[in-house]
Amino acid sequence: MRQSPANRILILIKTDGPQLAAAIGDALGISGEAARQQLSKMAEEGLVEPVTVAAAGRGRPRQLWHLTASGNRQFPDGHAELTANLLGTLVEQLGPAALDTVISAREAETLQGYRQELGKAHDLASRVEALAAIRTREGYMADQWQEADGSFMLVENHCPICAAATACAGFCRSELETFRAVLGADVERSEHILLGARRCAYRIKPH
């Protein structure tokens, strides 16, 4: 994705969530008015939409800019429609057990690849950092940090296999088990795109 102003705004909202026009202007190094003009143009193209939210106390309502469904489709979808259709045909022709076999094989292959790449990471912090880098490379727009209580957060702002995961929750379950195995830690999903969240988030704690 080229870094035009519109693309930078799409990435900013995708990564950090709904934004005020002034905040977008600050992030892009332009005025709030210039940001509003760009957002208005993007709204005409159906990529973003403003949502007015009440401010705390007696403050004026604020207008936050969200991605539309069309805006979200600007990010890789892993050939969504084809994938969903293939999974449906697989189950219809060969039964649910065949899909379980495919998911298990994918999990084993993924786990092997991740373990090879994380082999030089000797503590949990470096493993989480390396895993986030891998997932970003795979299209998940991942980020990670350590919380004040010593736990770690792994956040994925995009899901390039969302259609497949929607068609079969086993993919999400498999990824969670893969994270637990490769990190050697307790991993719990705290936010889930398929349940309506804007991202998938994982809290990671040592055993």
# chains A, B, ... in the order shown; residues from 1 in each chain; ligands from 1
call {"tool": "closest_atom_pairs", "arguments": {"of": "stretch 3-103 of chain A", "to": "stretch 141-149 of chain A", "cutoff": "12 Å", "atoms": "only C-alpha atoms", "output": "CSV"}}
result
residue,atom,partner,partner_atom,distance
A:Ile11,CA,A:Met141,CA,9.4
A:Leu12,CA,A:Met141,CA,11.2
A:Lys14,CA,A:Met141,CA,9.0
A:Thr15,CA,A:Met141,CA,7.5
A:Asp16,CA,A:Asp143,CA,10.7
A:Phe75,CA,A:Met141,CA,10.0
A:Pro76,CA,A:Met141,CA,10.5
call {"tool": "select_by_dssp", "arguments": {"residues": "chain A", "states": "strand (DSSP E)", "output": "mmCIF file with C-alpha atoms, in the first residue's frame"}}
result
data_model
loop_
_atom_site.group_PDB
_atom_site.id
_atom_site.type_symbol
_atom_site.label_atom_id
_atom_site.label_comp_id
_atom_site.auth_asym_id
_atom_site.auth_seq_id
_atom_site.Cartn_x
_atom_site.Cartn_y
_atom_site.Cartn_z
ATOM 1 C CA GLN A 19 -9.672 9.128 15.471
ATOM 2 C CA LEU A 20 -10.458 12.814 15.812
ATOM 3 C CA VAL A 48 -14.463 6.400 6.253
ATOM 4 C CA GLU A 49 -17.434 7.775 8.140
ATOM 5 C CA PRO A 50 -17.813 10.180 11.079
ATOM 6 C CA VAL A 51 -19.536 9.040 14.261
ATOM 7 C CA THR A 52 -20.542 11.638 16.832
ATOM 8 C CA VAL A 53 -19.998 10.587 20.446
ATOM 9 C CA ARG A 62 -16.800 14.778 19.487
ATOM 10 C CA GLN A 63 -16.675 13.455 15.943
ATOM 11 C CA LEU A 64 -14.593 10.303 15.579
ATOM 12 C CA TRP A 65 -13.707 8.939 12.163
ATOM 13 C CA HIS A 66 -14.166 5.191 11.616
ATOM 14 C CA LEU A 67 -13.317 2.873 8.732
ATOM 15 C CA ALA A 142 0.784 -6.854 14.834
ATOM 16 C CA ASP A 143 2.138 -4.884 17.766
ATOM 17 C CA GLN A 144 3.354 -5.910 21.219
ATOM 18 C CA TRP A 145 4.289 -4.375 24.547
ATOM 19 C CA GLN A 146 4.797 -5.247 28.199
ATOM 20 C CA PHE A 152 2.671 -8.943 27.639
ATOM 21 C CA MET A 153 0.116 -7.882 25.040
ATOM 22 C CA LEU A 154 0.135 -9.047 21.439
ATOM 23 C CA VAL A 155 -2.318 -7.095 19.295
ATOM 24 C CA GLU A 156 -3.262 -7.870 15.697
ATOM 25 C CA ALA A 185 3.380 -19.245 28.158
ATOM 26 C CA ASP A 186 -0.249 -18.770 29.157
ATOM 27 C CA VAL A 187 -2.052 -16.969 26.323
ATOM 28 C CA GLU A 188 -5.654 -15.743 26.473
ATOM 29 C CA ARG A 189 -7.530 -13.875 23.742
ATOM 30 C CA SER A 190 -9.017 -10.696 25.256
ATOM 31 C CA GLU A 191 -10.402 -9.140 22.054
ATOM 32 C CA CYS A 200 -7.595 -9.423 18.071
ATOM 33 C CA ALA A 201 -5.643 -9.004 21.306
ATOM 34 C CA TYR A 202 -3.824 -11.606 23.391
ATOM 35 C CA ARG A 203 -2.639 -11.325 26.993
ATOM 36 C CA ILE A 204 0.493 -13.369 27.628
ATOM 37 C CA LYS A 205 1.772 -14.446 31.045
ATOM 38 C CA PRO A 206 4.601 -16.777 32.077
#
call {"tool": "residues_around", "arguments": {"residues": "A:Glu175", "least_positions_apart": "2", "cutoff": "10 Å", "atoms": "only C-alpha atoms", "output": "list in words"}}
result
Ile103, Arg106, Glu107, Thr110, Leu111, Gly170, Phe171, Cys172, Arg173, Glu177, Thr178, Phe179, Arg180 and Ala181 of chain A
call {"tool": "select_by_dssp", "arguments": {"residues": "stretch 56-190 of chain A", "states": "alpha helix (DSSP H)", "output": "PyMOL selection string"}}
result
chain A and resi 69-72+80-94+96-117+124-137+162-167+170-183
